[in-house]
Amino acid sequence: MTTTAPEVRKQVPARATRRGGVIGNTGLYIATGVAAVLFLIPFYLIVRNAFMTDPEITGEEWKWFPTDIQWSNVKEPFDDVTVDFARSMWNSLVVAILHTSGILLICSLAGYGLARIPYKHANKIFYAVLATLMVPTAVTFVPSFVLVSSLGWIDTYRGLIIPGLFSGFTCFLFRQYFLGFPKELEEAARVDGLSYWGAYWRVVVPNSLNFFAAIATITFIAGWNAFLWPLVIGQDPSAWTVQVALSSYATNQTVNYHLIFMATAISILPLLFVFLFLQRWLVQGIAQTGIKG
Amino acid sequence: MSASSNSNWDRRTVLRAAMGLAAAGGLAACGSNTGRGSGGSGDGLVQYFHAYGEAGVEQAVKRYAKAYKETSVTTQWITGNNFEQKLFAALLTKNAPDVFEFHPQIQLIKSGQVADLTDIIEPVKSDFNQADIKSHTVDGKIYGVRMIDDPQFFFYRPSLFEKAKVEVPTTLEELIEAAAKLKTGKVKGAYLGNDLTPVQHSLIWSAGADTLTADNKPAFNTDAVADGLKQLRGLFTSGDLLLDAPADWWDPSAFTQGLTAIQWCGMWAMPAMQEALGDDIGVFPFPKVGSAGKESVYNGGWSMFVNAKGKNVEAAKEYVKWLWIDQKEYQEDFATSYGFHIPPRTSLAESASKLKSGLPAEGVKLFNEFGHFDNIGWTQAMIAAFNDVMANSVRKDGDPKAQLAACEKKVSTELQKLFG
Amino acid sequence: MSTTTTRGVASPAPAKVSKDRPRRGLKANSTFNFWLFTGPFLIGLVIFVFVPIGWSLYLSFFEARFTVTPSEFIGLDNYKQILSDTDFRNSLVTFTVFAAFIVPTTWALSLGLALLVNRLRFMRAFFRSVFFLPTAVSYAAAALIWKMSIFNGVRFGMANTFLGWFGIENIAWLGNPDPPWYWLVIVTVRLWLQSGFYMILFLAALQNIPRELYEAAAIDGAKPGWQTFRHITLPQLRATSTAVILLLLIAAYQAFDEFFILLGKATWGMPPLVELYKMALGENQNYGAGSAGALILTALICLVTLFQGKIMGFGRGDESQ
């Protein structure tokens, strides 16, 4: 965590510097520390189980750490003949990246249109979009599946990605953000002779990269973690995402603990990297959204 | 077109390039399949199997399919515990499998989802276990080919029984007493699955009742069944029962890891158990419930069906005939080389050497002596209705009589829809 | 030049891009631009969201068992059936109890974490990361960890091991509904997964509160701590709180994965979506009744949201356009 040091100095809130007595601070750190330990327990369990042997995990005595770290477990998901784990990781990566870029493009445009371009029915359309947020996915699940299958998209990236691109929620977030975007900047651009389209790409987007990064992070996570849809669309193992592969380990008739937890650990790893790199933008981006009432 | 060339330019170009690239990449990816071959649609066949847990089964199924020369057969190996749901959802679409395994249930026939297979089974009908023929027959037509019979009963550790001075139980009371005596600090007495539903049918039969009568009326709502549920409730609350094991009843883990002295499981798990525990394994049927009862074993299993709405019904029937009627070598391999199952073909069951001695032979004996087969009129919806009885009156403190009555009502509604 | 560069991005309607330039500023222009920006999204939304919703609506008036292209019109029978289904009604009660508990709890926990992290001087980014990391884990994976390693009913489960040190018998956390330990399992998994994300929202909002407000309050004699929190921080967070509660409510209504994975064949503690899933995709394959239930649920969510909006003033800004 050394890399974060410069940032800390920048963001020290005024209150903490002025009022943080020694006792108050100790209490603060103890409270935060306890909460942090509780939050880390599941991660600890994943790593512990991933590097143990099954007899150790299921043994009579609780062991905090593996007696011998089973490095060979790392290879095991990739050697498994029944599930092509590497392929499922690749599929997840492709799906998550395309899902993220597609959503950013389509929903940001729509959000901007709804927020800034005057049109007499814009409000009605916005409420129609908002209404889709209330509809549980289960309502549309079977019809969507039949629809996608009649398009011949079963077992394809198309089927995994395209139906998820039209996220009312993301569009809503973009609209709220663009409502708060300083009008002056755009107006200056319009005076320069730019169309809506030009102003959007030359002025609005370049000044909103923080927000785009924030949405990208959230969307990437959602794309990577999606389960039910990939489960039914990915019928052939070659089209499985990593979540589907994980569930197949968990429901195998013979439970293989270290394999399940190692696979889980590997499946989380890419997201941890995304997080550590994008976290700062995420906070800043959200601070700018004005998720406001 | 005021070329506003300012410092924004670089960022903008890069961003556009990136977005254009992403869009292009999207289109390219969308144009291609995920790289699998021509299987799936087209002229080949697709078959659905649920994921068997024993090592090597998937490879075996694919090996058999590959050996079939007439047409290409793609195997979809459906992992996860929601095989039915995936199957049912797929059957609604044009990506439906041509051939799939399931249990004989009449709604598949009534809704026209499965094809009549009488003509391919008729010539060898006499070589099948007649109970398996009966459970697949509606109005004189046979709708599925049984692949394997899977008897389910109790497994126990004789060494632990000896230590606790417990005899093999023959009544439910004795089972409950045995569980109490067998329980120690680290080992629970018995394991009936995490939700206890695996024993629901055996409970009905062991109490002298049945799921349905011969003319398809509910037959499970008897005092003996209600008493049995009450006794199970006692066992559930006693603390002698293993609950919330990470691996459910079909997996021998709880038994082999020494978490329980008795476990309800199926014959398929025998090889894994023997590997872990050697000879320290015995089997017994679900004990008698009440005075009028009789011990019972549930003869489950899997059957092959042909999708009647598929594109290649004839080709699919040919394939099913080839593999599950003609290729006896593969049938025996499937039944005995991985987990243990009983082949429904009498000739094979008699010749299968692995089932002739020791523990498997005892399993076969229970199968023949105490076994009850599926009733084709007892559908998934009715099974689910009885699952609720187990949940409400065994795991919860509901009144068994009221629960059985509620279940009977649901089952009657279903029967009404199916049989009019 | 701008048209050539935009073409790569504007692939849905490249030919029309050039048309809008000369008419810029006219009403038609803004209408055209509106559709240019929102068109791709709205077309997709219609195809992949509204068509399926309409299809569900259609199914809900038909006898649709084992088929999604039914022919027998049965009017409101599916609605009657689902409304008289005790499982479905119980699930609505379950949901209400669940939401009434999980929404305020998650709100309080994420706000608490945000306040803690916001006051840290050292290792701030570290703690923020720790609380945020669970967001990276899927419900499926988290449910697995909870079920197999923390709250399994046997001796090698972490919770039971811990209790074992105090001589307490193994507890069947999920199997035995009495006492209802399963709520502990479900609530903890949800809190763990969700709090971090909402903490970030609060953290962002806390950083947006103008420092002068606190200074002014200090001058007015407000004591730091509860008083400042009550009179400055909380009102300043109102907008974020409203949004967070709305999101939490929708998430609670849509609860599915962890209940589905953790509770199995139980008859208690089932939220509506699991009941509907069982009705439509499970053993019954009754798509008509399933769709009817889903639409009833949708109507309920809309009502609750509108009600919440009335109370907390959400959506007030929308009229300003």
# chains A, B, ... in the order shown; residues from 1 in each chain; ligands from 1
>>> interface_residues(of="chain A", to="chain B", cutoff="8 Å", atoms="only C-alpha atoms", output="ChimeraX atom specification")
/A:58,60,82,98,101-102,105,142,146,149-150,152,154-158,192-194,201-202,206,232,235-239,247-248,250-255
>>> write_last_selection(atoms="N, CA and C atoms", output="CSV table (one decimal), in the first residue's frame")
chain,number,residue,atom,x,y,z
A,58,THR,N,-10.9,-30.5,5.9
A,58,THR,CA,-12.0,-31.2,6.5
A,58,THR,C,-11.6,-31.9,7.8
A,60,GLU,N,-10.2,-32.8,11.8
A,60,GLU,CA,-10.9,-32.6,13.0
A,60,GLU,C,-10.4,-31.4,13.7
A,82,THR,N,-12.4,-31.7,-17.4
A,82,THR,CA,-13.8,-31.6,-17.6
A,82,THR,C,-14.2,-30.1,-17.8
A,98,LEU,N,-16.0,-6.1,-23.7
A,98,LEU,CA,-16.9,-5.7,-24.7
A,98,LEU,C,-18.2,-5.1,-24.0
A,101,SER,N,-17.3,-1.6,-22.8
A,101,SER,CA,-17.2,-0.6,-23.8
A,101,SER,C,-18.5,-0.3,-24.5
A,102,GLY,N,-19.3,-1.3,-24.7
A,102,GLY,CA,-20.6,-1.2,-25.3
A,102,GLY,C,-21.5,-0.3,-24.5
A,105,LEU,N,-20.5,3.4,-24.4
A,105,LEU,CA,-20.8,4.1,-25.6
A,105,LEU,C,-22.3,4.4,-25.7
A,142,VAL,N,-37.4,-15.7,-19.2
A,142,VAL,CA,-37.7,-16.7,-20.2
A,142,VAL,C,-37.9,-16.1,-21.6
A,146,VAL,N,-35.8,-17.1,-25.0
A,146,VAL,CA,-36.4,-17.6,-26.2
A,146,VAL,C,-36.0,-16.7,-27.4
A,149,SER,N,-32.4,-17.0,-28.3
A,149,SER,CA,-32.2,-18.3,-28.9
A,149,SER,C,-32.8,-18.3,-30.3
A,150,SER,N,-33.9,-17.6,-30.6
A,150,SER,CA,-34.4,-17.6,-31.9
A,150,SER,C,-33.6,-16.8,-32.8
A,152,GLY,N,-30.5,-17.2,-32.8
A,152,GLY,CA,-29.4,-18.1,-33.0
A,152,GLY,C,-28.1,-17.7,-32.2
A,154,ILE,N,-27.4,-18.5,-29.0
A,154,ILE,CA,-26.9,-19.4,-27.9
A,154,ILE,C,-25.5,-19.7,-28.2
A,155,ASP,N,-24.7,-19.7,-27.1
A,155,ASP,CA,-23.3,-20.1,-27.2
A,155,ASP,C,-22.4,-19.1,-28.0
A,156,THR,N,-22.9,-17.9,-28.1
A,156,THR,CA,-22.1,-16.9,-28.8
A,156,THR,C,-21.8,-15.7,-27.9
A,157,TYR,N,-20.7,-15.0,-28.2
A,157,TYR,CA,-20.5,-13.7,-27.5
A,157,TYR,C,-21.6,-12.7,-27.7
A,158,ARG,N,-22.2,-12.7,-28.9
A,158,ARG,CA,-23.3,-11.9,-29.1
A,158,ARG,C,-24.4,-12.1,-28.0
A,192,ASP,N,-18.6,28.1,-30.8
A,192,ASP,CA,-17.5,27.9,-31.7
A,192,ASP,C,-18.0,27.1,-33.0
A,193,GLY,N,-19.3,26.8,-33.0
A,193,GLY,CA,-19.8,26.2,-34.2
A,193,GLY,C,-19.9,24.7,-34.2
A,194,LEU,N,-19.8,24.1,-33.0
A,194,LEU,CA,-19.9,22.7,-33.0
A,194,LEU,C,-21.3,22.3,-32.9
A,201,TRP,N,-18.4,15.1,-28.2
A,201,TRP,CA,-17.1,14.3,-28.3
A,201,TRP,C,-15.9,15.2,-28.0
A,202,ARG,N,-16.0,16.5,-28.3
A,202,ARG,CA,-14.8,17.3,-28.1
A,202,ARG,C,-14.7,18.0,-26.7
A,206,PRO,N,-14.2,14.5,-23.1
A,206,PRO,CA,-12.9,14.7,-22.5
A,206,PRO,C,-12.9,15.3,-21.1
A,232,VAL,N,-27.4,-19.8,-18.7
A,232,VAL,CA,-28.3,-20.4,-19.7
A,232,VAL,C,-27.9,-20.2,-21.1
A,235,GLN,N,-24.3,-22.8,-23.2
A,235,GLN,CA,-24.6,-24.2,-23.0
A,235,GLN,C,-23.4,-25.1,-23.3
A,236,ASP,N,-22.7,-24.7,-24.3
A,236,ASP,CA,-21.5,-25.5,-24.5
A,236,ASP,C,-20.3,-25.0,-23.7
A,237,PRO,N,-19.5,-25.9,-23.0
A,237,PRO,CA,-18.5,-25.4,-22.2
A,237,PRO,C,-17.5,-24.4,-22.8
A,238,SER,N,-17.4,-24.4,-24.1
A,238,SER,CA,-16.5,-23.5,-24.8
A,238,SER,C,-17.0,-22.0,-24.6
A,239,ALA,N,-18.3,-21.9,-24.3
A,239,ALA,CA,-18.9,-20.6,-24.2
A,239,ALA,C,-19.1,-20.2,-22.7
A,247,SER,N,-19.4,-22.5,-10.8
A,247,SER,CA,-20.6,-23.1,-10.3
A,247,SER,C,-20.5,-24.6,-10.6
A,248,SER,N,-19.9,-24.9,-11.7
A,248,SER,CA,-19.8,-26.3,-12.1
A,248,SER,C,-18.9,-27.1,-11.1
A,250,ALA,N,-18.6,-26.3,-8.0
A,250,ALA,CA,-19.3,-26.4,-6.7
A,250,ALA,C,-20.4,-27.4,-6.7
A,251,THR,N,-20.9,-27.7,-7.9
A,251,THR,CA,-22.1,-28.7,-7.9
A,251,THR,C,-21.7,-30.0,-8.4
A,252,ASN,N,-20.4,-30.2,-8.7
A,252,ASN,CA,-19.9,-31.5,-9.0
A,252,ASN,C,-20.4,-32.5,-7.9
A,253,GLN,N,-20.6,-33.7,-8.3
A,253,GLN,CA,-21.1,-34.6,-7.3
A,253,GLN,C,-20.1,-34.9,-6.2
A,254,THR,N,-18.8,-34.8,-6.6
A,254,THR,CA,-17.8,-35.0,-5.5
A,254,THR,C,-17.2,-33.6,-5.3
A,255,VAL,N,-17.4,-33.2,-4.0
A,255,VAL,CA,-16.9,-31.9,-3.7
A,255,VAL,C,-15.4,-31.9,-3.5
>>> residues_around(residues="Gly33 in chain A", least_positions_apart="2", cutoff="12 Å", atoms="only C-alpha atoms", output="number ranges by chain")
A: 25-31, 35-40; C: 113, 116-117, 120, 123-124, 126-128, 130-131
>>> atom_distance(atom1="CA of Glu350 in chain B", atom2="CA of Arg146 in chain B")
16.5 Å
>>> residues_around(residues="range 316-333 of chain B", least_positions_apart="4", cutoff="8 Å", atoms="only C-alpha atoms", output="PDB file with C-alpha atoms, in the first residue's frame")
ATOM      1  CA  LEU B  45     -27.480 -34.422 -33.051  1.00  0.00           C
ATOM      2  CA  TYR B  64     -19.620 -43.635 -27.260  1.00  0.00           C
ATOM      3  CA  TYR B  68     -21.421 -43.655 -33.785  1.00  0.00           C
ATOM      4  CA  ASP B  98     -32.431 -33.944 -29.876  1.00  0.00           C
ATOM      5  CA  VAL B  99     -31.783 -36.540 -27.189  1.00  0.00           C
ATOM      6  CA  LEU B 117     -39.987 -45.112 -28.801  1.00  0.00           C
ATOM      7  CA  ILE B 120     -37.166 -49.495 -31.098  1.00  0.00           C
ATOM      8  CA  ILE B 121     -37.784 -51.063 -27.678  1.00  0.00           C
ATOM      9  CA  VAL B 124     -35.941 -56.376 -26.911  1.00  0.00           C
ATOM     10  CA  VAL B 145     -35.136 -46.151 -22.785  1.00  0.00           C
ATOM     11  CA  MET B 147     -30.078 -46.518 -19.158  1.00  0.00           C
ATOM     12  CA  MET B 304     -32.966 -41.542 -22.560  1.00  0.00           C
ATOM     13  CA  VAL B 306     -36.023 -38.218 -27.808  1.00  0.00           C
ATOM     14  CA  ASN B 312     -34.132 -35.019 -36.530  1.00  0.00           C
ATOM     15  CA  SER B 337     -16.893 -48.787 -14.847  1.00  0.00           C
ATOM     16  CA  TYR B 338     -17.353 -45.475 -12.979  1.00  0.00           C
ATOM     17  CA  PRO B 343     -28.176 -52.198 -15.941  1.00  0.00           C
ATOM     18  CA  LEU B 348     -26.451 -57.472 -18.672  1.00  0.00           C
ATOM     19  CA  ALA B 352     -22.010 -57.811 -14.951  1.00  0.00           C
TER      20      ALA B 352
END
>>> select_by_dssp(residues="range 31-242 of chain C", states="helix (DSSP H, G or I)", output="number ranges by chain")
C: 31-59, 77-84, 86-119, 124-136, 139-150, 158-165, 182-208, 211-219, 226-236, 238-242
>>> closest_atom_pairs(of="chain C", to="chain A", cutoff="6 Å", atoms="only C-alpha atoms", output="CSV")
residue,atom,partner,partner_atom,distance
C:Thr31,CA,A:Tyr119,CA,5.7
C:Phe34,CA,A:Gly113,CA,5.3
C:Phe37,CA,A:Leu109,CA,4.9
C:Thr38,CA,A:Ala110,CA,4.0
C:Phe41,CA,A:Ile106,CA,5.6
C:Gly44,CA,A:Phe166,CA,5.9
C:Leu45,CA,A:Phe166,CA,5.4
C:Phe48,CA,A:Pro163,CA,5.7
C:Pro52,CA,A:Pro143,CA,5.0
C:Ile53,CA,A:Thr140,CA,5.6
C:Arg119,CA,A:Ala16,CA,5.4
C:Arg121,CA,A:Val12,CA,6.0
C:Ala136,CA,A:Leu271,CA,5.9
C:Ser138,CA,A:Asn225,CA,5.0
C:Phe156,CA,A:Thr58,CA,5.6
C:Ala204,CA,A:Ala287,CA,4.3
C:Ala205,CA,A:Ala287,CA,5.9
C:Ala239,CA,A:Lys292,CA,4.8
C:Gln254,CA,A:Pro136,CA,5.8
C:Ala294,CA,A:Val139,CA,5.1
C:Thr298,CA,A:Val135,CA,5.2
C:Ile301,CA,A:Met134,CA,5.9
C:Phe314,CA,A:Gly293,CA,4.7
C:Gly315,CA,A:Gly293,CA,5.7
>>> write_last_selection(atoms="C-alpha atoms", output="PDB file, in the first residue's frame")
ATOM      1  CA  THR C  31     -35.221  16.450 -32.284  1.00  0.00           C
ATOM      2  CA  PHE C  34     -32.086  13.634 -29.564  1.00  0.00           C
ATOM      3  CA  PHE C  37     -27.980  10.178 -29.215  1.00  0.00           C
ATOM      4  CA  THR C  38     -30.697   8.053 -27.696  1.00  0.00           C
ATOM      5  CA  PHE C  41     -30.053   2.730 -26.737  1.00  0.00           C
ATOM      6  CA  GLY C  44     -32.003  -2.013 -27.959  1.00  0.00           C
ATOM      7  CA  LEU C  45     -34.145  -1.297 -24.940  1.00  0.00           C
ATOM      8  CA  PHE C  48     -34.290  -6.680 -25.353  1.00  0.00           C
ATOM      9  CA  PRO C  52     -39.809  -9.538 -23.352  1.00  0.00           C
ATOM     10  CA  ILE C  53     -41.933  -7.542 -20.903  1.00  0.00           C
ATOM     11  CA  ARG C 119     -11.621  10.571   9.348  1.00  0.00           C
ATOM     12  CA  ARG C 121      -5.237  10.140   8.338  1.00  0.00           C
ATOM     13  CA  ALA C 136     -15.342  -7.680  -6.620  1.00  0.00           C
ATOM     14  CA  SER C 138     -19.880 -12.389  -7.187  1.00  0.00           C
ATOM     15  CA  PHE C 156     -14.778 -27.780  10.053  1.00  0.00           C
ATOM     16  CA  ALA C 204     -17.713  10.792  -2.305  1.00  0.00           C
ATOM     17  CA  ALA C 205     -20.614  12.746  -0.844  1.00  0.00           C
ATOM     18  CA  ALA C 239     -29.462  13.342  -1.630  1.00  0.00           C
ATOM     19  CA  GLN C 254     -34.612  -8.456  -6.770  1.00  0.00           C
ATOM     20  CA  ALA C 294     -43.739 -11.219 -11.981  1.00  0.00           C
ATOM     21  CA  THR C 298     -43.231  -5.202 -10.778  1.00  0.00           C
ATOM     22  CA  ILE C 301     -41.912  -2.305  -6.787  1.00  0.00           C
ATOM     23  CA  PHE C 314     -36.549  11.669  -5.075  1.00  0.00           C
ATOM     24  CA  GLY C 315     -37.059  12.747  -8.652  1.00  0.00           C
TER      25      GLY C 315
END
>>> residues_around(residues="range 267-271 of chain C", least_positions_apart="2", cutoff="10 Å", atoms="only C-alpha atoms", output="mmCIF file with N, CA and C atoms, in the first residue's frame")
data_model
loop_
_atom_site.group_PDB
_atom_site.id
_atom_site.type_symbol
_atom_site.label_atom_id
_atom_site.label_comp_id
_atom_site.auth_asym_id
_atom_site.auth_seq_id
_atom_site.Cartn_x
_atom_site.Cartn_y
_atom_site.Cartn_z
ATOM 1 N N ASN B 387 -41.864 -32.212 -1.219
ATOM 2 C CA ASN B 387 -40.693 -31.558 -0.611
ATOM 3 C C ASN B 387 -41.146 -30.554 0.442
ATOM 4 N N ASP B 388 -42.232 -29.853 0.131
ATOM 5 C CA ASP B 388 -42.744 -28.863 1.079
ATOM 6 C C ASP B 388 -43.235 -29.525 2.365
ATOM 7 N N VAL B 389 -43.821 -30.718 2.239
ATOM 8 C CA VAL B 389 -44.253 -31.439 3.442
ATOM 9 C C VAL B 389 -43.041 -31.722 4.321
ATOM 10 N N MET B 390 -41.960 -32.197 3.700
ATOM 11 C CA MET B 390 -40.743 -32.505 4.471
ATOM 12 C C MET B 390 -40.227 -31.238 5.152
ATOM 13 N N ALA B 391 -40.243 -30.136 4.407
ATOM 14 C CA ALA B 391 -39.731 -28.891 4.970
ATOM 15 C C ALA B 391 -40.609 -28.409 6.118
ATOM 16 N N ASN B 392 -41.924 -28.456 5.919
ATOM 17 C CA ASN B 392 -42.824 -27.842 6.892
ATOM 18 C C ASN B 392 -43.098 -28.706 8.120
ATOM 19 N N ARG B 395 -38.585 -30.285 9.148
ATOM 20 C CA ARG B 395 -37.616 -29.248 9.519
ATOM 21 C C ARG B 395 -38.291 -28.120 10.281
ATOM 22 N N LYS B 396 -39.591 -27.942 10.044
ATOM 23 C CA LYS B 396 -40.354 -26.993 10.844
ATOM 24 C C LYS B 396 -41.363 -27.778 11.653
ATOM 25 N N ASP C 87 -47.544 -19.647 -1.002
ATOM 26 C CA ASP C 87 -46.096 -19.489 -1.090
ATOM 27 C C ASP C 87 -45.732 -18.111 -1.616
ATOM 28 N N PHE C 88 -46.457 -17.696 -2.654
ATOM 29 C CA PHE C 88 -46.164 -16.399 -3.250
ATOM 30 C C PHE C 88 -46.485 -15.267 -2.272
ATOM 31 N N ARG C 89 -47.629 -15.393 -1.605
ATOM 32 C CA ARG C 89 -47.986 -14.341 -0.643
ATOM 33 C C ARG C 89 -46.986 -14.286 0.506
ATOM 34 N N ASN C 90 -46.601 -15.490 0.983
ATOM 35 C CA ASN C 90 -45.596 -15.505 2.047
ATOM 36 C C ASN C 90 -44.303 -14.851 1.595
ATOM 37 N N SER C 91 -43.961 -15.077 0.316
ATOM 38 C CA SER C 91 -42.709 -14.519 -0.163
ATOM 39 C C SER C 91 -42.761 -12.997 -0.168
ATOM 40 N N LEU C 92 -43.934 -12.433 -0.398
ATOM 41 C CA LEU C 92 -44.046 -10.977 -0.347
ATOM 42 C C LEU C 92 -43.841 -10.479 1.082
ATOM 43 N N VAL C 93 -44.372 -11.243 2.042
ATOM 44 C CA VAL C 93 -44.156 -10.891 3.448
ATOM 45 C C VAL C 93 -42.668 -11.002 3.775
ATOM 46 N N THR C 94 -42.081 -12.131 3.354
ATOM 47 C CA THR C 94 -40.656 -12.332 3.596
ATOM 48 C C THR C 94 -39.852 -11.165 3.080
ATOM 49 N N PHE C 95 -40.189 -10.778 1.846
ATOM 50 C CA PHE C 95 -39.437 -9.691 1.260
ATOM 51 C C PHE C 95 -39.564 -8.426 2.094
ATOM 52 N N THR C 96 -40.784 -8.137 2.536
ATOM 53 C CA THR C 96 -41.011 -6.898 3.270
ATOM 54 C C THR C 96 -40.179 -6.882 4.548
ATOM 55 N N VAL C 97 -40.199 -8.021 5.258
ATOM 56 C CA VAL C 97 -39.400 -8.121 6.477
ATOM 57 C C VAL C 97 -37.922 -7.953 6.147
ATOM 58 N N PHE C 98 -37.509 -8.661 5.108
ATOM 59 C CA PHE C 98 -36.111 -8.623 4.702
ATOM 60 C C PHE C 98 -35.685 -7.200 4.341
ATOM 61 N N PRO C 177 -34.634 -24.308 10.595
ATOM 62 C CA PRO C 177 -35.195 -22.957 10.584
ATOM 63 C C PRO C 177 -35.552 -22.438 11.970
ATOM 64 N N PRO C 180 -34.175 -19.160 13.528
ATOM 65 C CA PRO C 180 -33.882 -18.871 12.116
ATOM 66 C C PRO C 180 -32.479 -18.310 11.871
ATOM 67 N N TYR C 182 -30.694 -18.889 9.515
ATOM 68 C CA TYR C 182 -30.428 -18.639 8.102
ATOM 69 C C TYR C 182 -30.425 -17.159 7.761
ATOM 70 N N TRP C 183 -31.174 -16.369 8.548
ATOM 71 C CA TRP C 183 -31.155 -14.919 8.301
ATOM 72 C C TRP C 183 -29.776 -14.354 8.556
ATOM 73 N N ILE C 186 -27.706 -15.057 5.493
ATOM 74 C CA ILE C 186 -28.081 -14.273 4.319
ATOM 75 C C ILE C 186 -27.759 -12.792 4.495
ATOM 76 N N ALA C 252 -33.048 -5.248 -2.945
ATOM 77 C CA ALA C 252 -33.692 -6.187 -2.025
ATOM 78 C C ALA C 252 -34.854 -6.895 -2.705
ATOM 79 N N TYR C 253 -35.615 -6.135 -3.478
ATOM 80 C CA TYR C 253 -36.741 -6.733 -4.198
ATOM 81 C C TYR C 253 -36.264 -7.776 -5.182
ATOM 82 N N GLN C 254 -35.104 -7.542 -5.745
ATOM 83 C CA GLN C 254 -34.612 -8.456 -6.770
ATOM 84 C C GLN C 254 -33.728 -9.545 -6.199
ATOM 85 N N ALA C 255 -33.685 -9.670 -4.889
ATOM 86 C CA ALA C 255 -32.813 -10.670 -4.263
ATOM 87 C C ALA C 255 -33.084 -12.038 -4.854
ATOM 88 N N PHE C 256 -32.050 -12.714 -5.252
ATOM 89 C CA PHE C 256 -32.244 -14.029 -5.837
ATOM 90 C C PHE C 256 -31.086 -14.978 -5.532
ATOM 91 N N PHE C 259 -30.240 -16.432 -1.929
ATOM 92 C CA PHE C 259 -31.345 -17.219 -1.386
ATOM 93 C C PHE C 259 -31.448 -18.545 -2.126
ATOM 94 N N PHE C 260 -31.328 -18.440 -3.441
ATOM 95 C CA PHE C 260 -31.461 -19.611 -4.293
ATOM 96 C C PHE C 260 -30.370 -20.632 -3.962
ATOM 97 N N LEU C 263 -30.644 -21.550 0.400
ATOM 98 C CA LEU C 263 -31.785 -22.141 1.094
ATOM 99 C C LEU C 263 -32.314 -23.436 0.474
ATOM 100 N N GLY C 264 -32.000 -23.686 -0.784
ATOM 101 C CA GLY C 264 -32.408 -24.949 -1.399
ATOM 102 C C GLY C 264 -33.897 -25.194 -1.331
ATOM 103 N N LYS C 265 -34.285 -26.352 -0.803
ATOM 104 C CA LYS C 265 -35.693 -26.743 -0.854
ATOM 105 C C LYS C 265 -36.482 -26.308 0.378
ATOM 106 N N LEU C 273 -38.777 -13.511 -6.057
ATOM 107 C CA LEU C 273 -38.153 -13.966 -7.301
ATOM 108 C C LEU C 273 -37.879 -15.453 -7.308
ATOM 109 N N VAL C 274 -37.499 -16.000 -6.157
ATOM 110 C CA VAL C 274 -37.234 -17.436 -6.104
ATOM 111 C C VAL C 274 -38.524 -18.210 -6.317
ATOM 112 N N GLU C 275 -39.610 -17.738 -5.689
ATOM 113 C CA GLU C 275 -40.904 -18.399 -5.891
ATOM 114 C C GLU C 275 -41.297 -18.368 -7.365
ATOM 115 N N LEU C 276 -41.090 -17.222 -7.993
ATOM 116 C CA LEU C 276 -41.478 -17.094 -9.396
ATOM 117 C C LEU C 276 -40.600 -17.973 -10.276
#
>>> closest_residue(among="A:Gly159, A:Pro55, A:Gly223, A:Gly180", to="Leu93 in chain A", atoms="only C-alpha atoms")
A:Gly223
>>> select_by_dssp(residues="range 114-221 of chain B", states="strand (DSSP E)", output="ChimeraX atom specification")
/B:137-138,141-142,145-156,188-191
>>> residues_around(residues="Asp43 in chain B", least_positions_apart="5", cutoff="10 Å", atoms="only C-alpha atoms", output="list of chain:residue names")
B:Ser38, B:Thr71, B:Ser72, B:Val73, B:Lys311, B:Asn312, B:Ala315
>>> write_last_selection(atoms="N, CA and C atoms", output="compact mmCIF listing (two decimals), in the first residue's frame")
# COMPACT_ATOMS: atom_id res chain seq x y z
N SER B 38 -18.94 -27.20 -35.77
CA SER B 38 -20.26 -27.12 -36.37
C SER B 38 -21.33 -27.76 -35.51
N THR B 71 -24.04 -40.27 -37.79
CA THR B 71 -24.13 -38.81 -37.75
C THR B 71 -23.28 -38.32 -36.58
N SER B 72 -22.95 -37.03 -36.60
CA SER B 72 -22.15 -36.53 -35.49
C SER B 72 -23.06 -36.22 -34.31
N VAL B 73 -22.59 -36.53 -33.11
CA VAL B 73 -23.38 -36.29 -31.91
C VAL B 73 -22.58 -35.40 -30.96
N LYS B 311 -35.43 -31.49 -34.77
CA LYS B 311 -35.38 -31.45 -36.23
C LYS B 311 -35.18 -32.85 -36.81
N ASN B 312 -34.56 -33.72 -36.00
CA ASN B 312 -34.13 -35.02 -36.53
C ASN B 312 -34.66 -36.17 -35.69
N ALA B 315 -33.41 -39.64 -36.86
CA ALA B 315 -31.97 -39.84 -36.64
C ALA B 315 -31.71 -40.00 -35.14
>>> atom_distance(atom1="CA of Thr184 in chain B", atom2="CA of Ala143 in chain C")
29.7 Å
>>> atom_distance(atom1="CA of Tyr139 in chain C", atom2="CA of Lys75 in chain A")
24.8 Å
